[in-house]
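Content type PDB, C-alpha atoms and all ligand atoms, from the file model_1.pdb:
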ATOM      1  CA  MET A   1    -117.921 161.516-138.906
ATOM      2  CA  LYS A   2    -118.783 160.889-135.321
ATOM      3  CA  ASN A   3    -122.148 160.455-133.707
ATOM      4  CA  ASN A   4    -121.553 160.228-130.025
ATOM      5  CA  THR A   5    -124.497 159.704-127.748
ATOM      6  CA  SER A   6    -124.309 161.211-124.316
ATOM      7  CA  ASN A   7    -124.604 158.901-121.338
ATOM      8  CA  LYS A   8    -126.264 161.722-119.394
ATOM      9  CA  ILE A   9    -129.717 160.203-119.901
ATOM     10  CA  ILE A  10    -130.248 156.498-120.416
ATOM     11  CA  PRO A  11    -133.345 155.943-122.534
ATOM     12  CA  THR A  12    -135.825 153.371-121.351
ATOM     13  CA  GLU A  13    -137.064 150.751-123.794
ATOM     14  CA  LYS A  14    -140.334 152.664-124.188
ATOM     15  CA  PHE A  15    -138.592 155.957-124.809
ATOM     16  CA  GLU A  16    -136.411 154.644-127.620
ATOM     17  CA  VAL A  17    -139.317 154.469-130.079
ATOM     18  CA  MET A  18    -139.470 158.274-130.024
ATOM     19  CA  LEU A  19    -135.829 159.084-130.677
ATOM     20  CA  PRO A  20    -135.088 161.651-133.385
ATOM     21  CA  GLN A  21    -134.233 160.314-136.840
ATOM     22  CA  LYS A  22    -130.557 159.749-137.458
ATOM     23  CA  PRO A  23    -129.105 162.272-139.911
ATOM     24  CA  ASP A  24    -129.145 161.036-143.496
ATOM     25  CA  LEU A  25    -127.075 163.070-145.938
ATOM     26  CA  LYS A  26    -128.385 161.116-148.944
ATOM     27  CA  LYS A  27    -131.826 162.716-148.613
ATOM     28  CA  SER A  28    -130.579 166.062-147.444
ATOM     29  CA  ASP A  29    -131.019 169.527-149.017
ATOM     30  CA  ALA A  30    -128.087 170.906-147.077
ATOM     31  CA  LEU A  31    -125.702 170.307-144.218
ATOM     32  CA  LEU A  32    -125.896 173.118-141.665
ATOM     33  CA  VAL A  33    -123.094 173.450-139.137
ATOM     34  CA  LEU A  34    -124.181 175.681-136.247
ATOM     35  CA  ASP A  35    -122.000 177.534-133.787
ATOM     36  CA  THR A  36    -122.979 177.388-130.066
ATOM     37  CA  ASN A  37    -124.400 180.916-130.022
ATOM     38  CA  MET A  38    -126.843 179.966-132.797
ATOM     39  CA  LEU A  39    -128.486 177.371-130.563
ATOM     40  CA  ILE A  40    -129.052 179.890-127.800
ATOM     41  CA  TYR A  41    -130.309 182.617-130.146
ATOM     42  CA  LEU A  42    -132.702 180.201-131.852
ATOM     43  CA  CYS A  43    -134.440 179.575-128.518
ATOM     44  CA  GLU A  44    -134.961 183.268-127.751
ATOM     45  CA  PRO A  45    -137.875 185.014-129.534
ATOM     46  CA  LYS A  46    -136.049 188.356-129.441
ATOM     47  CA  TYR A  47    -133.377 187.096-131.859
ATOM     48  CA  TYR A  48    -135.270 184.924-134.345
ATOM     49  CA  ASP A  49    -138.885 184.734-135.461
ATOM     50  CA  SER A  50    -140.667 181.439-134.891
ATOM     51  CA  TRP A  51    -140.486 180.416-138.574
ATOM     52  CA  VAL A  52    -136.684 180.117-138.355
ATOM     53  CA  PHE A  53    -136.804 177.663-135.441
ATOM     54  CA  ASP A  54    -139.702 175.777-137.054
ATOM     55  CA  THR A  55    -137.897 175.448-140.404
ATOM     56  CA  ILE A  56    -134.798 174.019-138.799
ATOM     57  CA  PHE A  57    -136.236 171.831-136.072
ATOM     58  CA  THR A  58    -139.907 171.039-136.356
ATOM     59  CA  ASN A  59    -141.444 171.338-139.812
ATOM     60  CA  LYS A  60    -140.493 169.247-142.811
ATOM     61  CA  ARG A  61    -140.134 171.951-145.466
ATOM     62  CA  LEU A  62    -136.431 171.219-145.791
ATOM     63  CA  ASN A  63    -134.375 168.097-145.229
ATOM     64  CA  LEU A  64    -131.595 169.676-143.253
ATOM     65  CA  VAL A  65    -128.859 167.688-141.605
ATOM     66  CA  LEU A  66    -127.520 169.558-138.616
ATOM     67  CA  ALA A  67    -124.010 169.394-137.264
ATOM     68  CA  ILE A  68    -122.929 170.860-133.954
ATOM     69  CA  PRO A  69    -119.207 170.634-133.151
ATOM     70  CA  GLU A  70    -118.251 168.695-129.989
ATOM     71  CA  VAL A  71    -116.873 171.876-128.415
ATOM     72  CA  SER A  72    -120.239 173.576-128.927
ATOM     73  CA  VAL A  73    -122.084 170.619-127.397
ATOM     74  CA  ARG A  74    -119.994 170.979-124.231
ATOM     75  CA  GLU A  75    -120.737 174.713-124.134
ATOM     76  CA  TRP A  76    -124.422 173.973-124.743
ATOM     77  CA  ASP A  77    -124.705 171.787-121.636
ATOM     78  CA  LEU A  78    -123.323 174.604-119.484
ATOM     79  CA  LEU A  79    -125.498 177.266-121.096
ATOM     80  CA  LEU A  80    -128.640 175.182-120.765
ATOM     81  CA  HIS A  81    -128.183 175.037-117.010
ATOM     82  CA  LYS A  82    -127.317 178.752-116.781
ATOM     83  CA  ARG A  83    -130.435 179.759-118.725
ATOM     84  CA  TYR A  84    -132.753 177.890-116.362
ATOM     85  CA  ILE A  85    -131.000 179.382-113.332
ATOM     86  CA  SER A  86    -131.429 182.857-114.814
ATOM     87  CA  PHE A  87    -135.172 182.232-115.335
ATOM     88  CA  LYS A  88    -135.442 180.982-111.767
ATOM     89  CA  ASP A  89    -133.587 184.034-110.394
ATOM     90  CA  ARG A  90    -135.577 186.553-112.434
ATOM     91  CA  ILE A  91    -139.076 185.080-112.260
ATOM     92  CA  LEU A  92    -139.556 182.279-109.769
ATOM     93  CA  ASP A  93    -137.531 183.443-106.781
ATOM     94  CA  PRO A  94    -139.291 186.853-106.454
ATOM     95  CA  LEU A  95    -142.672 185.097-106.574
ATOM     96  CA  GLU A  96    -141.628 182.573-103.978
ATOM     97  CA  SER A  97    -140.423 185.353-101.692
ATOM     98  CA  ALA A  98    -143.792 187.090-102.115
ATOM     99  CA  LEU A  99    -145.329 184.153-100.249
ATOM    100  CA  LEU A 100    -143.640 185.436 -97.083
ATOM    101  CA  ILE A 101    -145.919 188.477 -97.116
ATOM    102  CA  GLN A 102    -148.882 186.283 -96.144
ATOM    103  CA  SER A 103    -147.925 186.737 -92.490
ATOM    104  CA  TYR A 104    -149.187 190.344 -92.820
ATOM    105  CA  PHE A 105    -152.761 189.178 -93.333
ATOM    106  CA  ARG A 106    -155.005 189.014 -90.304
ATOM    107  CA  THR A 107    -157.519 186.350 -91.254
ATOM    108  CA  SER A 108    -156.726 182.835 -92.389
ATOM    109  CA  GLU A 109    -159.144 183.316 -95.278
ATOM    110  CA  GLU A 110    -157.116 186.251 -96.636
ATOM    111  CA  LYS A 111    -153.931 184.235 -96.242
ATOM    112  CA  ILE A 112    -155.373 181.286 -98.160
ATOM    113  CA  ILE A 113    -156.608 183.468-101.052
ATOM    114  CA  PHE A 114    -153.232 185.200-101.294
ATOM    115  CA  GLU A 115    -151.232 181.981-101.082
ATOM    116  CA  ASP A 116    -153.434 180.345-103.666
ATOM    117  CA  SER A 117    -152.998 183.255-106.112
ATOM    118  CA  ILE A 118    -149.217 183.304-105.761
ATOM    119  CA  ASN A 119    -148.987 179.527-106.187
ATOM    120  CA  LYS A 120    -151.074 179.803-109.352
ATOM    121  CA  LEU A 121    -148.765 182.539-110.647
ATOM    122  CA  ILE A 122    -145.731 180.340-109.994
ATOM    123  CA  LYS A 123    -147.397 177.416-111.763
ATOM    124  CA  TYR A 124    -148.320 179.489-114.854
ATOM    125  CA  ARG A 125    -144.952 181.228-115.046
ATOM    126  CA  LYS A 126    -143.251 177.824-114.981
ATOM    127  CA  ARG A 127    -145.566 176.588-117.733
ATOM    128  CA  GLU A 128    -144.953 179.709-119.819
ATOM    129  CA  TYR A 129    -141.219 179.167-119.658
ATOM    130  CA  GLN A 130    -141.394 175.422-120.142
ATOM    131  CA  TYR A 131    -143.570 175.615-123.263
ATOM    132  CA  THR A 132    -141.889 178.578-125.024
ATOM    133  CA  THR A 133    -138.142 178.971-124.569
ATOM    134  CA  GLY A 134    -137.853 175.837-122.425
ATOM    135  CA  ARG A 135    -139.554 173.699-125.065
ATOM    136  CA  LYS A 136    -137.121 174.861-127.728
ATOM    137  CA  PHE A 137    -134.190 174.071-125.461
ATOM    138  CA  ARG A 138    -135.656 170.598-124.957
ATOM    139  CA  ILE A 139    -136.100 169.940-128.692
ATOM    140  CA  ILE A 140    -132.477 170.877-129.365
ATOM    141  CA  ASP A 141    -131.221 168.973-126.334
ATOM    142  CA  GLU A 142    -133.036 165.843-127.458
ATOM    143  CA  LEU A 143    -131.519 166.099-130.933
ATOM    144  CA  ILE A 144    -128.041 166.544-129.506
ATOM    145  CA  ASN A 145    -128.265 163.755-126.963
ATOM    146  CA  TYR A 146    -129.964 161.128-129.103
ATOM    147  CA  ALA A 147    -127.756 161.294-132.198
ATOM    148  CA  GLY A 148    -130.205 163.414-134.202
ATOM    149  CA  ILE A 149    -127.272 165.545-135.320
ATOM    150  CA  ILE A 150    -123.670 165.069-136.404
ATOM    151  CA  ARG A 151    -121.115 166.028-133.760
ATOM    152  CA  PRO A 152    -117.806 166.631-135.535
ATOM    153  CA  SER A 153    -114.581 166.949-133.582
ATOM    154  CA  VAL A 154    -111.008 167.873-134.494
ATOM    155  CA  THR A 155    -108.354 165.365-135.527
ATOM    156  CA  GLU A 156    -104.792 165.363-134.216
ATOM    157  CA  THR A 157    -103.661 167.007-137.485
ATOM    158  CA  SER A 158    -106.010 169.949-136.916
ATOM    159  CA  LYS A 159    -104.944 170.203-133.286
ATOM    160  CA  CYS A 160    -101.314 170.612-134.452
ATOM    161  CA  LEU A 161    -102.390 173.235-136.976
ATOM    162  CA  ILE A 162    -104.293 175.147-134.285
ATOM    163  CA  ALA A 163    -101.259 174.943-131.973
ATOM    164  CA  ASP A 164     -99.095 176.427-134.756
ATOM    165  CA  MET A 165    -101.602 179.219-135.317
ATOM    166  CA  ALA A 166    -101.594 179.970-131.595
ATOM    167  CA  LEU A 167     -97.782 180.088-131.466
ATOM    168  CA  ASN A 168     -97.662 182.404-134.486
ATOM    169  CA  LYS A 169    -100.496 184.554-133.072
ATOM    170  CA  GLU A 170    -102.401 184.083-136.296
ATOM    171  CA  GLU A 171    -105.664 185.960-136.751
ATOM    172  CA  PRO A 172    -108.587 185.746-136.333
ATOM    173  CA  PHE A 173    -108.421 183.300-133.407
ATOM    174  CA  PHE A 174    -105.123 184.484-131.975
ATOM    175  CA  CYS A 175    -103.409 187.846-131.945
ATOM    176  CA  ASP A 176    -101.532 190.312-129.775
ATOM    177  CA  THR A 177    -103.484 193.393-130.733
ATOM    178  CA  ASN A 178    -107.132 192.676-131.172
ATOM    179  CA  PRO A 179    -108.741 195.796-132.658
ATOM    180  CA  LYS A 180    -112.282 194.687-131.808
ATOM    181  CA  ALA A 181    -111.898 193.862-128.139
ATOM    182  CA  VAL A 182    -111.048 195.647-124.940
ATOM    183  CA  LYS A 183    -108.515 192.943-124.123
ATOM    184  CA  ARG A 184    -105.448 193.353-126.274
ATOM    185  CA  GLU A 185    -104.615 189.695-126.474
ATOM    186  CA  LYS A 186    -106.874 187.225-128.186
ATOM    187  CA  PHE A 187    -106.811 183.461-127.610
ATOM    188  CA  GLU A 188    -109.994 181.862-128.917
ATOM    189  CA  ILE A 189    -109.090 178.192-128.957
ATOM    190  CA  ASP A 190    -112.723 177.011-128.732
ATOM    191  CA  ASP A 191    -113.615 178.936-131.881
ATOM    192  CA  ALA A 192    -110.583 177.464-133.636
ATOM    193  CA  TYR A 193    -111.810 173.965-132.665
ATOM    194  CA  ILE A 194    -115.315 174.765-133.922
ATOM    195  CA  PHE A 195    -113.923 176.033-137.229
ATOM    196  CA  PHE A 196    -111.574 173.116-137.872
ATOM    197  CA  SER A 197    -114.076 170.455-136.847
ATOM    198  CA  THR A 198    -116.340 171.943-139.541
ATOM    199  CA  VAL A 199    -113.490 171.662-142.061
ATOM    200  CA  GLU A 200    -112.817 168.031-141.020
ATOM    201  CA  LEU A 201    -116.480 167.146-141.375
ATOM    202  CA  ALA A 202    -116.746 168.763-144.821
ATOM    203  CA  LYS A 203    -113.609 166.923-145.957
ATOM    204  CA  GLU A 204    -115.229 163.603-145.062
ATOM    205  CA  VAL A 205    -118.647 164.504-146.467
ATOM    206  CA  ARG A 206    -117.227 165.722-149.810
ATOM    207  CA  GLU A 207    -115.898 162.220-150.622
ATOM    208  CA  SER A 208    -119.463 160.909-150.971
ATOM    209  CA  PHE A 209    -121.438 164.123-151.561
ATOM    210  CA  PRO A 210    -119.474 166.450-153.857
ATOM    211  CA  ASP A 211    -122.515 168.625-154.665
ATOM    212  CA  LEU A 212    -124.120 168.903-151.232
ATOM    213  CA  LYS A 213    -124.616 172.456-149.951
ATOM    214  CA  ILE A 214    -122.629 172.940-146.748
ATOM    215  CA  TYR A 215    -123.122 176.028-144.569
ATOM    216  CA  PHE A 216    -121.366 177.146-141.438
ATOM    217  CA  VAL A 217    -123.554 179.647-139.587
ATOM    218  CA  SER A 218    -122.470 181.731-136.619
ATOM    219  CA  ASN A 219    -123.894 184.867-135.048
ATOM    220  CA  ASN A 220    -120.446 185.682-133.843
ATOM    221  CA  THR A 221    -119.333 188.809-135.669
ATOM    222  CA  LYS A 222    -115.788 188.911-134.323
ATOM    223  CA  GLU A 223    -114.284 185.468-134.258
ATOM    224  CA  PHE A 224    -114.530 184.155-137.825
ATOM    225  CA  SER A 225    -115.003 187.323-139.874
ATOM    226  CA  LYS A 226    -112.960 190.016-141.529
ATOM    227  CA  TYR A 227    -112.542 193.017-139.236
ATOM    228  CA  SER A 228    -113.797 195.299-142.011
ATOM    229  CA  ASP A 229    -116.909 193.224-142.836
ATOM    230  CA  SER A 230    -118.434 190.790-140.341
ATOM    231  CA  SER A 231    -120.475 189.064-143.054
ATOM    232  CA  GLN A 232    -117.272 187.867-144.776
ATOM    233  CA  LEU A 233    -115.031 185.046-143.597
ATOM    234  CA  HIS A 234    -111.596 186.163-142.420
ATOM    235  CA  GLU A 235    -108.988 185.973-145.211
ATOM    236  CA  ASN A 236    -106.804 183.532-143.210
ATOM    237  CA  LEU A 237    -109.721 181.087-142.961
ATOM    238  CA  GLU A 238    -110.997 181.419-146.512
ATOM    239  CA  PRO A 239    -108.741 178.801-148.152
ATOM    240  CA  PHE A 240    -109.989 176.077-145.779
ATOM    241  CA  PHE A 241    -113.652 176.694-146.591
ATOM    242  CA  GLN A 242    -112.941 177.205-150.303
ATOM    243  CA  LYS A 243    -111.211 173.825-150.535
ATOM    244  CA  TYR A 244    -114.346 171.963-149.450
ATOM    245  CA  ASN A 245    -116.872 174.465-150.761
ATOM    246  CA  ILE A 246    -118.294 175.502-147.388
ATOM    247  CA  THR A 247    -120.346 178.701-147.262
ATOM    248  CA  PHE A 248    -119.864 180.994-144.267
ATOM    249  CA  SER A 249    -122.815 183.043-143.069
ATOM    250  CA  ASN A 250    -123.865 185.054-140.045
ATOM    251  CA  ASN A 251    -127.380 185.428-141.351
ATOM    252  CA  LEU A 252    -129.442 182.315-140.794
ATOM    253  CA  GLU A 253    -132.636 183.777-142.290
ATOM    254  CA  SER A 254    -130.897 184.439-145.583
ATOM    255  CA  VAL A 255    -129.446 180.881-145.664
ATOM    256  CA  LEU A 256    -132.924 179.406-145.139
ATOM    257  CA  SER A 257    -134.475 181.747-147.710
ATOM    258  CA  LYS A 258    -131.922 180.704-150.326
ATOM    259  CA  LEU A 259    -132.573 177.020-149.658
ATOM    260  CA  ASP A 260    -136.348 177.471-149.582
ATOM    261  CA  PRO A 261    -137.422 180.659-151.428
ATOM    262  CA  ASP A 262    -141.130 179.778-151.090
ATOM    263  CA  ASN A 263    -141.012 179.561-147.302
ATOM    264  CA  PRO A 264    -144.062 181.584-146.142
ATOM    265  CA  ARG A 265    -142.132 182.700-143.021
ATOM    266  CA  GLU A 266    -145.172 182.242-140.828
ATOM    267  CA  ILE A 267    -144.687 183.987-137.524
ATOM    268  CA  ARG A 268    -146.546 182.535-134.573
ATOM    269  CA  ASP A 269    -147.316 184.572-131.472
ATOM    270  CA  GLU A 270    -145.827 182.123-129.018
ATOM    271  CA  MET A 271    -147.169 183.841-125.916
ATOM    272  CA  GLU A 272    -150.694 183.832-127.345
ATOM    273  CA  GLU A 273    -150.381 180.140-128.205
ATOM    274  CA  VAL A 274    -149.128 179.381-124.733
ATOM    275  CA  SER A 275    -152.007 181.232-123.073
ATOM    276  CA  VAL A 276    -154.410 178.966-124.986
ATOM    277  CA  ILE A 277    -152.659 175.777-124.035
ATOM    278  CA  LEU A 278    -151.836 176.570-120.424
ATOM    279  CA  HIS A 279    -155.181 175.527-118.960
ATOM    280  CA  ASP A 280    -155.170 172.809-116.335
ATOM    281  CA  ASP A 281    -157.307 170.511-118.504
ATOM    282  CA  GLN A 282    -154.374 170.285-120.972
ATOM    283  CA  PHE A 283    -152.160 168.604-118.407
ATOM    284  CA  VAL A 284    -151.938 165.182-116.808
ATOM    285  CA  THR A 285    -149.786 164.095-113.893
ATOM    286  CA  CYS A 286    -146.825 161.774-114.370
ATOM    287  CA  GLU A 287    -147.389 158.658-112.275
ATOM    288  CA  LYS A 288    -143.697 158.256-111.633
ATOM    289  CA  CYS A 289    -142.675 161.733-110.390
ATOM    290  CA  ASN A 290    -145.974 163.664-110.099
ATOM    291  CA  GLY A 291    -144.670 166.232-112.612
ATOM    292  CA  GLU A 292    -146.919 168.022-115.111
ATOM    293  CA  VAL A 293    -147.128 166.632-118.627
ATOM    294  CA  HIS A 294    -148.862 168.434-121.496
ATOM    295  CA  ILE A 295    -151.139 166.123-123.463
ATOM    296  CA  LYS A 296    -150.217 167.683-126.819
ATOM    297  CA  LEU A 297    -146.844 169.367-126.531
ATOM    298  CA  ASP A 298    -145.240 166.539-124.570
ATOM    299  CA  GLY A 299    -146.566 163.894-126.936
ATOM    300  CA  LYS A 300    -145.334 162.260-130.133
ATOM    301  CA  TRP A 301    -146.557 159.713-132.622
ATOM    302  CA  ALA A 302    -144.627 156.481-132.703
ATOM    303  CA  PHE A 303    -145.802 153.351-134.551
ATOM    304  CA  GLY A 304    -149.382 154.652-134.822
ATOM    305  CA  GLN A 305    -149.684 155.455-131.109
ATOM    306  CA  TRP A 306    -149.645 158.765-129.259
ATOM    307  CA  TYR A 307    -147.007 158.674-126.515
ATOM    308  CA  LEU A 308    -146.543 161.170-123.707
ATOM    309  CA  THR A 309    -143.163 161.757-122.108
ATOM    310  CA  CYS A 310    -142.487 163.383-118.775
ATOM    311  CA  TYR A 311    -139.344 165.429-119.314
ATOM    312  CA  ASP A 312    -138.576 165.548-115.611
ATOM    313  CA  CYS A 313    -138.091 161.778-115.233
ATOM    314  CA  LEU A 314    -138.352 160.523-118.876
ATOM    315  CA  ASN A 315    -141.264 158.272-118.017
ATOM    316  CA  SER A 316    -143.209 157.548-121.214
ATOM    317  CA  TRP A 317    -146.621 155.985-121.818
ATOM    318  CA  LYS A 318    -149.377 155.547-124.407
ATOM    319  CA  PHE A 319    -152.168 158.121-124.243
ATOM    320  CA  PRO A 320    -155.336 158.693-126.347
ATOM    321  CA  TYR A 321    -154.595 161.412-128.938
ATOM    322  CA  PRO A 322    -156.064 164.689-127.569
ATOM    323  CA  CYS A 323    -158.918 166.027-129.731
ATOM    324  CA  ILE A 324    -159.049 169.440-128.004
TER     325      ILE A 324
HETATM  326 ZN    ZN I 401    -142.191 162.139-114.406
END

Go through the file and emit its structure as structure tokens.
Ligand SMILES: [Zn+2]
Amino acid sequence: MKNNTSNKIIPTEKFEVMLPQKPDLKKSDALLVLDTNMLIYLCEPKYYDSWVFDTIFTNKRLNLVLAIPEVSVREWDLLLHKRYISFKDRILDPLESALLIQSYFRTSEEKIIFEDSINKLIKYRKREYQYTTGRKFRIIDELINYAGIIRPSVTETSKCLIADMALNKEEPFFCDTNPKAVKREKFEIDDAYIFFSTVELAKEVRESFPDLKIYFVSNNTKEFSKYSDSSQLHENLEPFFQKYNITFSNNLESVLSKLDPDNPREIRDEMEEVSVILHDDQFVTCEKCNGEVHIKLDGKWAFGQWYLTCYDCLNSWKFPYPCI
């Protein structure tokens, strides 16, 4: 299996002490391979309750090893950027344009009060985003980029197999008449890569861990499933998963509940939490870039010390553990 680290961000010596743990299958309860859409859905409160994200990424109830196929990692980088742009377009830009209205005020006092209020709104909206959805994106991004996950890719043998499937228009990735889409033709090579990199990974893992539970989870109801039942793997794909005992699911909650039946499924009100932690006294300024750094949420323990990290410039420093 491959554990590529991205050269997008070069960790400083100080930052390295806080890198995520490398995946260790020996201590693991299960290997969870996630499709790209799962990563996006996990960050959005409307799709999954907070306990799902917490169980996978932040609490220690389960020892899960995560795998995200190389193709999905590439898609993730693009989506990450798009999501921030969409937040900026929807929330920040209208507020920034509201600042132009200040020219309508007659007195400088009125202007100052108005400008101050809008700037505060911008600041709090940014914080809201950064410490709810944005924070989840950051946790996943850190795992992906610092080898906290396995990043399987396809071998030449699988590439040939996928090419054959494409030539023969073999379902579910390729076909001439796709009953579930508006477009008649279907050519989902990325999904084929995601599927076969999961198979390749399981093949390798099974040599040392014959009894390990391996799940492939996707929210995609069209690309891997039977047309008649989206919860079931497509019949053409079944033999590959059966061979290495991989379980297909498009229901992440049910996978987690099977692995951990006693999970209390605690649901946090993220917006309420954020309103408590958004106060100015919870933030310090990064000396390197002047960005805002939260004294709790941007901190981590490493070797008995509390470290803060500025996620704008990756500057990291020791800080007294916040008691508030
Ligand atoms: Zn900084």

Expected answer as JSON, numbers by chain: residues within 9 Å of ligand ZN 401 (chain I), only C-alpha atoms and all ligand atoms: {"A": [285, 286, 287, 288, 289, 290, 291, 292, 293, 309, 310, 311, 312, 313, 314, 315, 316]}

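Distance annotation: of A:Gly304, A:Pro69, A:Gly134, A:Pro239, the residue with the minimal separation from Thr198 in chain A is A:Pro69; atom set is all atoms listed in the file.
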
Non-local contacts of Trp306 in chain A (6 Å; all atoms listed in the file; under 5 positions in same chain excluded) as a ChimeraX atom specification: /A:300-301,318-319,321

Chain and number of each residue from the PyMOL selection byres (((chain A and resi 164-167) around 12) and not hetatm), as number ranges by chain: A: 157-163, 168-176, 185-190, 192-193, 196, 236-237

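You can rank A:Leu32, A:Ala302, A:Ile40, A:Ala67 by their closest distance to His81 in chain A using only C-alpha atoms, and at the top of that list sits A:Ile40.
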
Distance criterion (all atoms listed in the file): nearest to Phe53 in chain A out of A:Tyr146, A:Phe195, A:Phe114, A:Tyr41: A:Tyr41

Explicit residue set for the PyMOL selection byres (((chain A and resi 26) around 10) and not hetatm), as JSON, numbers by chain: {"A": [23, 24, 25, 27, 28, 29, 30, 63, 65, 208, 209, 212]}

What box, with edges along x, y and z, holds each listed atom of range 129-148 of chain A when 3 Å is added on every side, and can you state its centre and edge lengths in Å to one decimal, as lines of an AutoDock Vina configuration file?
center_x = -135.7
center_y = 170.1
center_z = -126.9
size_x = 21.8
size_y = 24.0
size_z = 20.5

Exercise: Glu200 in chain A partners within 9 Å, only C-alpha atoms, chain neighbours under 5 positions left out, as a ChimeraX atom specification: /A:1,152-155,158,195,205

One-decimal distance in Å that lies between CA of Arg138 in chain A and CA of Ile194 in chain A: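 Distance between the two atoms: 22.6 Å.
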
Given the PyMOL selection byres (((chain A and resi 215) around 8) and not hetatm), the residues it picks as a list in words: Ala30, Leu31, Leu32, Val33, Lys213, Ile214, Phe216, Val217, Ile246, Thr247, Phe248 and Ser249 of chain A

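CA of Thr221 in chain A is positioned 14.7 Å from CA of Tyr47 in chain A.
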
Å distance separating CA of Glu223 in chain A from CA of Asp191 in chain A, one decimal place: 7.0 Å

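Distance check against Ser254 in chain A using only C-alpha atoms: of A:Val284, A:Glu109, A:Val52, A:Gln102, the minimum falls on A:Val52.
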
Distance criterion (all atoms listed in the file): nearest to Glu44 in chain A out of A:Lys243, A:Arg83, A:His279, A:Arg151: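 Residue with the minimum atom-to-atom distance to Glu44 in chain A: A:Arg83.
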
Shell around Leu62 in chain A at 10 Å using only C-alpha atoms, local window under 5 positions removed, as a PyMOL selection string: chain A and resi 28-30+55-57+256+259-260+263

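If only C-alpha atoms are the atoms counted, then among A:Arg265, A:Phe283, A:Phe303, A:Val274 the closest residue to Arg61 in chain A is A:Arg265.
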
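Using all atoms listed in the file, the residues found no farther than 8 Å from Trp76 in chain A, other than those of its own chain fewer than 3 positions away, are Thr36, Leu39, Ser72, Val73, Leu79 and Leu80 of chain A.
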